file input-v2.cif (mmCIF, N, CA and C atoms)
data_final
loop_
_atom_site.group_PDB
_atom_site.id
_atom_site.type_symbol
_atom_site.label_atom_id
_atom_site.label_comp_id
_atom_site.auth_asym_id
_atom_site.auth_seq_id
_atom_site.Cartn_x
_atom_site.Cartn_y
_atom_site.Cartn_z
ATOM 1 N N MET A 1 -130.034 5.956 63.535
ATOM 2 C CA MET A 1 -131.360 5.482 63.876
ATOM 3 C C MET A 1 -131.802 4.446 62.848
ATOM 4 N N VAL A 2 -132.328 3.340 63.297
ATOM 5 C CA VAL A 2 -132.785 2.268 62.422
ATOM 6 C C VAL A 2 -134.241 2.501 62.069
ATOM 7 N N GLU A 3 -134.535 2.444 60.770
ATOM 8 C CA GLU A 3 -135.921 2.604 60.343
ATOM 9 C C GLU A 3 -136.709 1.346 60.677
ATOM 10 N N PRO A 4 -137.958 1.507 61.106
ATOM 11 C CA PRO A 4 -138.777 0.324 61.380
ATOM 12 C C PRO A 4 -139.077 -0.406 60.073
ATOM 13 N N LEU A 5 -139.265 -1.705 60.166
ATOM 14 C CA LEU A 5 -139.601 -2.489 58.987
ATOM 15 C C LEU A 5 -140.919 -2.001 58.419
ATOM 16 N N SER A 6 -140.952 -1.817 57.132
ATOM 17 C CA SER A 6 -142.217 -1.454 56.517
ATOM 18 C C SER A 6 -142.817 -2.713 55.923
ATOM 19 N N ALA A 7 -144.111 -2.743 55.871
ATOM 20 C CA ALA A 7 -144.799 -3.925 55.364
ATOM 21 C C ALA A 7 -145.882 -3.489 54.389
ATOM 22 N N ALA A 8 -146.252 -4.387 53.534
ATOM 23 C CA ALA A 8 -147.338 -4.150 52.591
ATOM 24 C C ALA A 8 -148.326 -5.299 52.737
ATOM 25 N N VAL A 9 -149.559 -4.996 52.477
ATOM 26 C CA VAL A 9 -150.595 -6.022 52.559
ATOM 27 C C VAL A 9 -150.683 -6.713 51.208
ATOM 28 N N LEU A 10 -150.690 -8.021 51.235
ATOM 29 C CA LEU A 10 -150.791 -8.827 50.030
ATOM 30 C C LEU A 10 -152.060 -9.652 50.143
ATOM 31 N N SER A 11 -152.925 -9.504 49.193
ATOM 32 C CA SER A 11 -154.183 -10.242 49.222
ATOM 33 C C SER A 11 -154.158 -11.268 48.094
ATOM 34 N N VAL A 12 -154.424 -12.507 48.447
ATOM 35 C CA VAL A 12 -154.387 -13.573 47.451
ATOM 36 C C VAL A 12 -155.506 -14.573 47.752
ATOM 37 N N ARG A 13 -156.070 -15.112 46.712
ATOM 38 C CA ARG A 13 -157.126 -16.108 46.892
ATOM 39 C C ARG A 13 -156.544 -17.499 46.707
ATOM 40 N N VAL A 14 -156.858 -18.382 47.653
ATOM 41 C CA VAL A 14 -156.472 -19.790 47.572
ATOM 42 C C VAL A 14 -157.711 -20.618 47.857
ATOM 43 N N ARG A 15 -157.629 -21.890 47.516
ATOM 44 C CA ARG A 15 -158.764 -22.778 47.800
ATOM 45 C C ARG A 15 -159.045 -22.769 49.298
ATOM 46 N N ARG A 16 -160.293 -22.645 49.656
ATOM 47 C CA ARG A 16 -160.696 -22.593 51.057
ATOM 48 C C ARG A 16 -160.182 -23.810 51.819
ATOM 49 N N GLU A 17 -160.297 -24.994 51.210
ATOM 50 C CA GLU A 17 -159.864 -26.225 51.884
ATOM 51 C C GLU A 17 -158.374 -26.191 52.199
ATOM 52 N N LEU A 18 -157.610 -25.647 51.286
ATOM 53 C CA LEU A 18 -156.164 -25.561 51.483
ATOM 54 C C LEU A 18 -155.838 -24.638 52.653
ATOM 55 N N LYS A 19 -156.475 -23.483 52.690
ATOM 56 C CA LYS A 19 -156.250 -22.533 53.781
ATOM 57 C C LYS A 19 -156.666 -23.145 55.113
ATOM 58 N N GLU A 20 -157.834 -23.789 55.155
ATOM 59 C CA GLU A 20 -158.315 -24.372 56.403
ATOM 60 C C GLU A 20 -157.400 -25.485 56.893
ATOM 61 N N GLU A 21 -156.911 -26.316 55.963
ATOM 62 C CA GLU A 21 -156.006 -27.395 56.351
ATOM 63 C C GLU A 21 -154.683 -26.837 56.870
ATOM 64 N N ALA A 22 -154.168 -25.809 56.213
ATOM 65 C CA ALA A 22 -152.923 -25.177 56.665
ATOM 66 C C ALA A 22 -153.107 -24.616 58.072
ATOM 67 N N GLU A 23 -154.234 -23.990 58.320
ATOM 68 C CA GLU A 23 -154.507 -23.444 59.654
ATOM 69 C C GLU A 23 -154.604 -24.557 60.695
ATOM 70 N N ARG A 24 -155.272 -25.665 60.346
ATOM 71 C CA ARG A 24 -155.384 -26.801 61.271
ATOM 72 C C ARG A 24 -154.018 -27.377 61.610
ATOM 73 N N LEU A 25 -153.116 -27.336 60.653
ATOM 74 C CA LEU A 25 -151.770 -27.874 60.848
ATOM 75 C C LEU A 25 -150.830 -26.869 61.513
ATOM 76 N N GLY A 26 -151.335 -25.691 61.786
ATOM 77 C CA GLY A 26 -150.523 -24.676 62.453
ATOM 78 C C GLY A 26 -149.496 -24.012 61.557
ATOM 79 N N ILE A 27 -149.735 -24.026 60.265
ATOM 80 C CA ILE A 27 -148.799 -23.417 59.313
ATOM 81 C C ILE A 27 -148.985 -21.908 59.328
ATOM 82 N N ASN A 28 -147.890 -21.191 59.482
ATOM 83 C CA ASN A 28 -147.911 -19.737 59.470
ATOM 84 C C ASN A 28 -147.899 -19.294 58.004
ATOM 85 N N LEU A 29 -149.067 -18.924 57.498
ATOM 86 C CA LEU A 29 -149.195 -18.593 56.081
ATOM 87 C C LEU A 29 -148.339 -17.398 55.682
ATOM 88 N N ARG A 30 -148.245 -16.402 56.555
ATOM 89 C CA ARG A 30 -147.432 -15.230 56.233
ATOM 90 C C ARG A 30 -145.978 -15.634 56.007
ATOM 91 N N GLU A 31 -145.455 -16.478 56.900
ATOM 92 C CA GLU A 31 -144.063 -16.909 56.767
ATOM 93 C C GLU A 31 -143.850 -17.718 55.495
ATOM 94 N N VAL A 32 -144.798 -18.604 55.199
ATOM 95 C CA VAL A 32 -144.676 -19.450 54.003
ATOM 96 C C VAL A 32 -144.699 -18.587 52.744
ATOM 97 N N VAL A 33 -145.647 -17.662 52.679
ATOM 98 C CA VAL A 33 -145.763 -16.805 51.497
ATOM 99 C C VAL A 33 -144.530 -15.913 51.369
ATOM 100 N N GLU A 34 -144.080 -15.346 52.482
ATOM 101 C CA GLU A 34 -142.906 -14.466 52.442
ATOM 102 C C GLU A 34 -141.660 -15.230 51.982
ATOM 103 N N ARG A 35 -141.470 -16.433 52.513
ATOM 104 C CA ARG A 35 -140.303 -17.237 52.131
ATOM 105 C C ARG A 35 -140.367 -17.603 50.644
ATOM 106 N N ALA A 36 -141.554 -18.016 50.181
ATOM 107 C CA ALA A 36 -141.705 -18.381 48.772
ATOM 108 C C ALA A 36 -141.455 -17.179 47.869
ATOM 109 N N LEU A 37 -141.949 -16.017 48.277
ATOM 110 C CA LEU A 37 -141.751 -14.813 47.480
ATOM 111 C C LEU A 37 -140.284 -14.403 47.459
ATOM 112 N N GLU A 38 -139.603 -14.511 48.596
ATOM 113 C CA GLU A 38 -138.170 -14.205 48.637
ATOM 114 C C GLU A 38 -137.385 -15.129 47.714
ATOM 115 N N GLU A 39 -137.710 -16.417 47.731
ATOM 116 C CA GLU A 39 -137.018 -17.374 46.866
ATOM 117 C C GLU A 39 -137.270 -17.077 45.397
ATOM 118 N N GLU A 40 -138.504 -16.728 45.053
ATOM 119 C CA GLU A 40 -138.825 -16.439 43.657
ATOM 120 C C GLU A 40 -138.145 -15.161 43.194
ATOM 121 N N VAL A 41 -138.076 -14.155 44.055
ATOM 122 C CA VAL A 41 -137.377 -12.907 43.708
ATOM 123 C C VAL A 41 -135.898 -13.197 43.477
ATOM 124 N N LYS A 42 -135.309 -14.005 44.348
ATOM 125 C CA LYS A 42 -133.901 -14.364 44.196
ATOM 126 C C LYS A 42 -133.670 -15.117 42.887
ATOM 127 N N ARG A 43 -134.568 -16.067 42.568
ATOM 128 C CA ARG A 43 -134.457 -16.828 41.328
ATOM 129 C C ARG A 43 -134.569 -15.914 40.116
ATOM 130 N N ALA A 44 -135.531 -14.984 40.163
ATOM 131 C CA ALA A 44 -135.736 -14.070 39.042
ATOM 132 C C ALA A 44 -134.531 -13.148 38.857
ATOM 133 N N LYS A 45 -133.957 -12.662 39.962
ATOM 134 C CA LYS A 45 -132.766 -11.802 39.874
ATOM 135 C C LYS A 45 -131.591 -12.566 39.275
ATOM 136 N N THR A 46 -131.423 -13.816 39.711
ATOM 137 C CA THR A 46 -130.337 -14.637 39.183
ATOM 138 C C THR A 46 -130.521 -14.872 37.692
ATOM 139 N N GLU A 47 -131.736 -15.183 37.285
ATOM 140 C CA GLU A 47 -132.022 -15.418 35.864
ATOM 141 C C GLU A 47 -131.781 -14.146 35.059
ATOM 142 N N ARG A 48 -132.189 -13.006 35.593
ATOM 143 C CA ARG A 48 -131.983 -11.733 34.903
ATOM 144 C C ARG A 48 -130.489 -11.454 34.756
ATOM 145 N N MET A 49 -129.720 -11.716 35.812
ATOM 146 C CA MET A 49 -128.279 -11.485 35.756
ATOM 147 C C MET A 49 -127.640 -12.403 34.710
ATOM 148 N N LYS A 50 -128.075 -13.656 34.654
ATOM 149 C CA LYS A 50 -127.535 -14.573 33.643
ATOM 150 C C LYS A 50 -127.785 -14.033 32.239
ATOM 151 N N ARG A 51 -129.005 -13.547 31.995
ATOM 152 C CA ARG A 51 -129.336 -13.006 30.668
ATOM 153 C C ARG A 51 -128.475 -11.790 30.349
ATOM 154 N N LEU A 52 -128.293 -10.901 31.343
ATOM 155 C CA LEU A 52 -127.471 -9.716 31.118
ATOM 156 C C LEU A 52 -126.029 -10.089 30.804
ATOM 157 N N ILE A 53 -125.503 -11.083 31.527
ATOM 158 C CA ILE A 53 -124.127 -11.530 31.277
ATOM 159 C C ILE A 53 -124.011 -12.143 29.893
ATOM 160 N N GLU A 54 -124.989 -12.969 29.525
ATOM 161 C CA GLU A 54 -124.965 -13.582 28.194
ATOM 162 C C GLU A 54 -125.000 -12.516 27.104
ATOM 163 N N GLU A 55 -125.860 -11.506 27.290
ATOM 164 C CA GLU A 55 -125.937 -10.420 26.304
ATOM 165 C C GLU A 55 -124.626 -9.640 26.243
ATOM 166 N N ALA A 56 -124.026 -9.395 27.408
ATOM 167 C CA ALA A 56 -122.757 -8.665 27.438
ATOM 168 C C ALA A 56 -121.665 -9.471 26.738
ATOM 169 N N LEU A 57 -121.644 -10.779 26.991
ATOM 170 C CA LEU A 57 -120.630 -11.617 26.357
ATOM 171 C C LEU A 57 -120.803 -11.654 24.847
ATOM 172 N N LYS A 58 -122.038 -11.603 24.384
ATOM 173 C CA LYS A 58 -122.283 -11.600 22.939
ATOM 174 C C LYS A 58 -121.793 -10.304 22.309
ATOM 175 N N SER A 59 -121.872 -9.213 23.069
ATOM 176 C CA SER A 59 -121.511 -7.906 22.511
ATOM 177 C C SER A 59 -119.996 -7.672 22.495
ATOM 178 N N ILE A 60 -119.237 -8.501 23.219
ATOM 179 C CA ILE A 60 -117.781 -8.376 23.189
ATOM 180 C C ILE A 60 -117.192 -9.638 22.590
ATOM 181 N N ASP A 61 -115.994 -9.529 22.141
ATOM 182 C CA ASP A 61 -115.347 -10.681 21.502
ATOM 183 C C ASP A 61 -114.638 -11.503 22.570
ATOM 184 N N LEU A 62 -115.418 -12.173 23.415
ATOM 185 C CA LEU A 62 -114.864 -12.974 24.502
ATOM 186 C C LEU A 62 -115.749 -14.184 24.705
ATOM 187 N N LYS A 63 -115.160 -15.341 24.650
ATOM 188 C CA LYS A 63 -115.925 -16.563 24.853
ATOM 189 C C LYS A 63 -116.217 -16.750 26.340
ATOM 190 N N GLU A 64 -117.302 -17.457 26.636
ATOM 191 C CA GLU A 64 -117.717 -17.662 28.024
ATOM 192 C C GLU A 64 -116.610 -18.312 28.844
ATOM 193 N N GLU A 65 -115.926 -19.288 28.273
ATOM 194 C CA GLU A 65 -114.868 -19.981 28.998
ATOM 195 C C GLU A 65 -113.739 -19.022 29.368
ATOM 196 N N GLU A 66 -113.414 -18.108 28.450
ATOM 197 C CA GLU A 66 -112.360 -17.131 28.721
ATOM 198 C C GLU A 66 -112.791 -16.191 29.850
ATOM 199 N N TRP A 67 -114.056 -15.799 29.847
ATOM 200 C CA TRP A 67 -114.581 -14.913 30.882
ATOM 201 C C TRP A 67 -114.534 -15.597 32.243
ATOM 202 N N VAL A 68 -114.962 -16.859 32.289
ATOM 203 C CA VAL A 68 -114.942 -17.607 33.542
ATOM 204 C C VAL A 68 -113.517 -17.725 34.060
ATOM 205 N N LYS A 69 -112.585 -18.012 33.160
ATOM 206 C CA LYS A 69 -111.175 -18.125 33.546
ATOM 207 C C LYS A 69 -110.665 -16.806 34.116
ATOM 208 N N ALA A 70 -111.028 -15.692 33.479
ATOM 209 C CA ALA A 70 -110.587 -14.379 33.947
ATOM 210 C C ALA A 70 -111.158 -14.069 35.328
ATOM 211 N N VAL A 71 -112.397 -14.425 35.553
ATOM 212 C CA VAL A 71 -113.021 -14.195 36.862
ATOM 213 C C VAL A 71 -112.316 -15.018 37.936
ATOM 214 N N LYS A 72 -112.066 -16.282 37.639
ATOM 215 C CA LYS A 72 -111.373 -17.156 38.603
ATOM 216 C C LYS A 72 -109.977 -16.628 38.926
ATOM 217 N N GLU A 73 -109.275 -16.175 37.895
ATOM 218 C CA GLU A 73 -107.927 -15.637 38.115
ATOM 219 C C GLU A 73 -107.970 -14.380 38.979
ATOM 220 N N SER A 74 -108.955 -13.533 38.739
ATOM 221 C CA SER A 74 -109.038 -12.293 39.522
ATOM 222 C C SER A 74 -109.374 -12.597 40.972
ATOM 223 N N ARG A 75 -110.129 -13.660 41.217
ATOM 224 C CA ARG A 75 -110.428 -14.063 42.597
ATOM 225 C C ARG A 75 -109.172 -14.567 43.301
ATOM 226 N N LEU A 76 -108.320 -15.254 42.562
ATOM 227 C CA LEU A 76 -107.094 -15.784 43.162
ATOM 228 C C LEU A 76 -106.128 -14.655 43.514
ATOM 229 N N GLU A 77 -106.204 -13.550 42.808
ATOM 230 C CA GLU A 77 -105.307 -12.414 43.051
ATOM 231 C C GLU A 77 -105.642 -11.693 44.349
ATOM 232 N N ARG A 78 -106.843 -11.875 44.849
ATOM 233 C CA ARG A 78 -107.269 -11.164 46.082
ATOM 234 C C ARG A 78 -106.611 -11.704 47.294
#
call {"tool": "encode", "arguments": {"input": "input-v2.cif", "output": "structure tokens"}}
result
Amino acid sequence: MVEPLSAAVLSVRVRRELKEEAERLGINLREVVERALEEEVKRAKTERMKRLIEEALKSIDLKEEEWVKAVKESRLER
């Protein structure tokens, strides 16, 4: 059984003129906000992963270039 999509209400204040103009132009604010939030979450996750990898590389005696080479080689083995 598939669970129904759950949603949360997000309340945000924007300039009235901006909201009115977006509505006049037929812009779906929910879609725009959801897409922007998804992109920002993805960016933040990527940045967090980069920091974790950098910290891990610092804690082991392995240079970044060696790590990249090892990853590429392991991909070729698949």
call {"tool": "residues_around", "arguments": {"input": "input-v2.cif", "residues": "range 21-35 of chain A", "least_positions_apart": "3", "cutoff": "12 Å", "atoms": "only C-alpha atoms", "output": "list of chain:residue names"}}
result
A:Ala7, A:Ala8, A:Val9, A:Leu10, A:Ser11, A:Val12, A:Val14, A:Arg15, A:Arg16, A:Glu17, A:Leu18, A:Glu38, A:Glu39, A:Glu40, A:Val41, A:Lys42
call {"tool": "residues_near_point", "arguments": {"input": "input-v2.cif", "point": "(-123.5, -17.9, 26.5)", "cutoff": "7 Å", "atoms": "only C-alpha atoms", "output": "list in words"}}
result
Glu54, Leu57 and Glu64 of chain A
call {"tool": "atom_distance", "arguments": {"input": "input-v2.cif", "atom1": "CA of Ala56 in chain A", "atom2": "atom N of Leu37 in chain A"}}
result
29.3 Å
call {"tool": "atom_distance", "arguments": {"input": "input-v2.cif", "atom1": "CA of Val71 in chain A", "atom2": "CA of Ile53 in chain A"}}
result
12.7 Å
call {"tool": "select_by_dssp", "arguments": {"input": "input-v2.cif", "residues": "range 13-74 of chain A", "states": "alpha helix (DSSP H)", "output": "MDAnalysis selection string"}}
result
chainID A and resid 16:24 29:59 64:74
call {"tool": "atom_distance", "arguments": {"input": "input-v2.cif", "atom1": "CA of Lys63 in chain A", "atom2": "CA of Glu77 in chain A"}}
result
21.5 Å
call {"tool": "axis_aligned_box", "arguments": {"input": "input-v2.cif", "around": "range 27-45 of chain A", "padding_each_side": "5 Å", "output": "JSON"}}
result
{"center_x": -140.7, "center_y": -17.9, "center_z": 49.6, "size_x": 28.1, "size_y": 22.2, "size_z": 31.4}
call {"tool": "decode", "arguments": {"input": "input-v2.cif", "residues": "chain A", "atoms": "C-alpha atoms", "output": "PDB file, in the first residue's frame"}}
result
ATOM      1  CA  MET A   1       0.000   0.000   0.000  1.00  0.00           C
ATOM      2  CA  VAL A   2       1.350   3.429  -0.946  1.00  0.00           C
ATOM      3  CA  GLU A   3       1.188   6.099   1.722  1.00  0.00           C
ATOM      4  CA  PRO A   4      -0.474   9.339   0.640  1.00  0.00           C
ATOM      5  CA  LEU A   5       1.815  12.328   0.267  1.00  0.00           C
ATOM      6  CA  SER A   6       2.027  14.287   3.451  1.00  0.00           C
ATOM      7  CA  ALA A   7       2.290  18.032   3.343  1.00  0.00           C
ATOM      8  CA  ALA A   8       3.165  20.794   5.750  1.00  0.00           C
ATOM      9  CA  VAL A   9       2.002  24.366   5.722  1.00  0.00           C
ATOM     10  CA  LEU A  10       4.735  26.922   5.177  1.00  0.00           C
ATOM     11  CA  SER A  11       3.968  30.520   5.969  1.00  0.00           C
ATOM     12  CA  VAL A  12       6.262  33.205   4.623  1.00  0.00           C
ATOM     13  CA  ARG A  13       5.993  36.945   4.200  1.00  0.00           C
ATOM     14  CA  VAL A  14       6.933  38.552   0.887  1.00  0.00           C
ATOM     15  CA  ARG A  15       6.425  42.030  -0.485  1.00  0.00           C
ATOM     16  CA  ARG A  16       2.770  42.468  -1.389  1.00  0.00           C
ATOM     17  CA  GLU A  17       3.674  43.873  -4.821  1.00  0.00           C
ATOM     18  CA  LEU A  18       5.784  40.837  -5.606  1.00  0.00           C
ATOM     19  CA  LYS A  19       3.012  38.412  -4.658  1.00  0.00           C
ATOM     20  CA  GLU A  20       0.400  40.369  -6.623  1.00  0.00           C
ATOM     21  CA  GLU A  21       2.606  40.543  -9.717  1.00  0.00           C
ATOM     22  CA  ALA A  22       3.348  36.810  -9.525  1.00  0.00           C
ATOM     23  CA  GLU A  23      -0.380  36.107  -9.299  1.00  0.00           C
ATOM     24  CA  ARG A  24      -1.102  38.394 -12.283  1.00  0.00           C
ATOM     25  CA  LEU A  25       1.507  36.499 -14.281  1.00  0.00           C
ATOM     26  CA  GLY A  26      -0.052  33.170 -13.360  1.00  0.00           C
ATOM     27  CA  ILE A  27       2.960  31.963 -11.388  1.00  0.00           C
ATOM     28  CA  ASN A  28       2.197  28.992  -9.164  1.00  0.00           C
ATOM     29  CA  LEU A  29       3.817  30.146  -5.926  1.00  0.00           C
ATOM     30  CA  ARG A  30       3.626  26.725  -4.283  1.00  0.00           C
ATOM     31  CA  GLU A  31       5.535  25.128  -7.156  1.00  0.00           C
ATOM     32  CA  VAL A  32       8.147  27.894  -7.209  1.00  0.00           C
ATOM     33  CA  VAL A  33       8.723  27.738  -3.454  1.00  0.00           C
ATOM     34  CA  GLU A  34       8.812  23.928  -3.436  1.00  0.00           C
ATOM     35  CA  ARG A  35      11.304  23.799  -6.321  1.00  0.00           C
ATOM     36  CA  ALA A  36      13.532  26.444  -4.711  1.00  0.00           C
ATOM     37  CA  LEU A  37      13.435  24.623  -1.384  1.00  0.00           C
ATOM     38  CA  GLU A  38      14.275  21.289  -3.031  1.00  0.00           C
ATOM     39  CA  GLU A  39      17.251  22.871  -4.805  1.00  0.00           C
ATOM     40  CA  GLU A  40      18.511  24.492  -1.609  1.00  0.00           C
ATOM     41  CA  VAL A  41      18.178  21.227   0.341  1.00  0.00           C
ATOM     42  CA  LYS A  42      20.114  19.426  -2.388  1.00  0.00           C
ATOM     43  CA  ARG A  43      22.814  22.130  -2.352  1.00  0.00           C
ATOM     44  CA  ALA A  44      23.080  21.987   1.441  1.00  0.00           C
ATOM     45  CA  LYS A  45      23.340  18.167   1.424  1.00  0.00           C
ATOM     46  CA  THR A  46      26.056  18.308  -1.226  1.00  0.00           C
ATOM     47  CA  GLU A  47      27.989  20.929   0.740  1.00  0.00           C
ATOM     48  CA  ARG A  48      27.644  18.882   3.934  1.00  0.00           C
ATOM     49  CA  MET A  49      28.898  15.762   2.145  1.00  0.00           C
ATOM     50  CA  LYS A  50      31.897  17.687   0.784  1.00  0.00           C
ATOM     51  CA  ARG A  51      32.784  18.851   4.306  1.00  0.00           C
ATOM     52  CA  LEU A  52      32.437  15.319   5.691  1.00  0.00           C
ATOM     53  CA  ILE A  53      34.668  13.926   2.938  1.00  0.00           C
ATOM     54  CA  GLU A  54      37.260  16.641   3.508  1.00  0.00           C
ATOM     55  CA  GLU A  55      37.257  15.916   7.248  1.00  0.00           C
ATOM     56  CA  ALA A  56      37.550  12.176   6.607  1.00  0.00           C
ATOM     57  CA  LEU A  57      40.444  12.718   4.211  1.00  0.00           C
ATOM     58  CA  LYS A  58      42.230  14.848   6.798  1.00  0.00           C
ATOM     59  CA  SER A  59      41.860  12.112   9.405  1.00  0.00           C
ATOM     60  CA  ILE A  60      43.483   9.462   7.182  1.00  0.00           C
ATOM     61  CA  ASP A  61      46.822   9.540   5.471  1.00  0.00           C
ATOM     62  CA  LEU A  62      45.425   9.792   1.939  1.00  0.00           C
ATOM     63  CA  LYS A  63      45.668  12.698  -0.432  1.00  0.00           C
ATOM     64  CA  GLU A  64      42.546  13.849  -2.277  1.00  0.00           C
ATOM     65  CA  GLU A  65      44.024  12.914  -5.651  1.00  0.00           C
ATOM     66  CA  GLU A  66      44.729   9.374  -4.440  1.00  0.00           C
ATOM     67  CA  TRP A  67      41.159   9.065  -3.142  1.00  0.00           C
ATOM     68  CA  VAL A  68      39.696  10.280  -6.435  1.00  0.00           C
ATOM     69  CA  LYS A  69      41.883   7.814  -8.331  1.00  0.00           C
ATOM     70  CA  ALA A  70      40.746   4.959  -6.075  1.00  0.00           C
ATOM     71  CA  VAL A  71      37.089   5.860  -6.587  1.00  0.00           C
ATOM     72  CA  LYS A  72      37.512   6.003 -10.370  1.00  0.00           C
ATOM     73  CA  GLU A  73      39.293   2.648 -10.385  1.00  0.00           C
ATOM     74  CA  SER A  74      36.571   1.026  -8.297  1.00  0.00           C
ATOM     75  CA  ARG A  75      33.946   2.320 -10.736  1.00  0.00           C
ATOM     76  CA  LEU A  76      35.825   0.767 -13.644  1.00  0.00           C
ATOM     77  CA  GLU A  77      35.852  -2.606 -11.858  1.00  0.00           C
ATOM     78  CA  ARG A  78      32.033  -2.743 -11.852  1.00  0.00           C
TER      79      ARG A  78
END
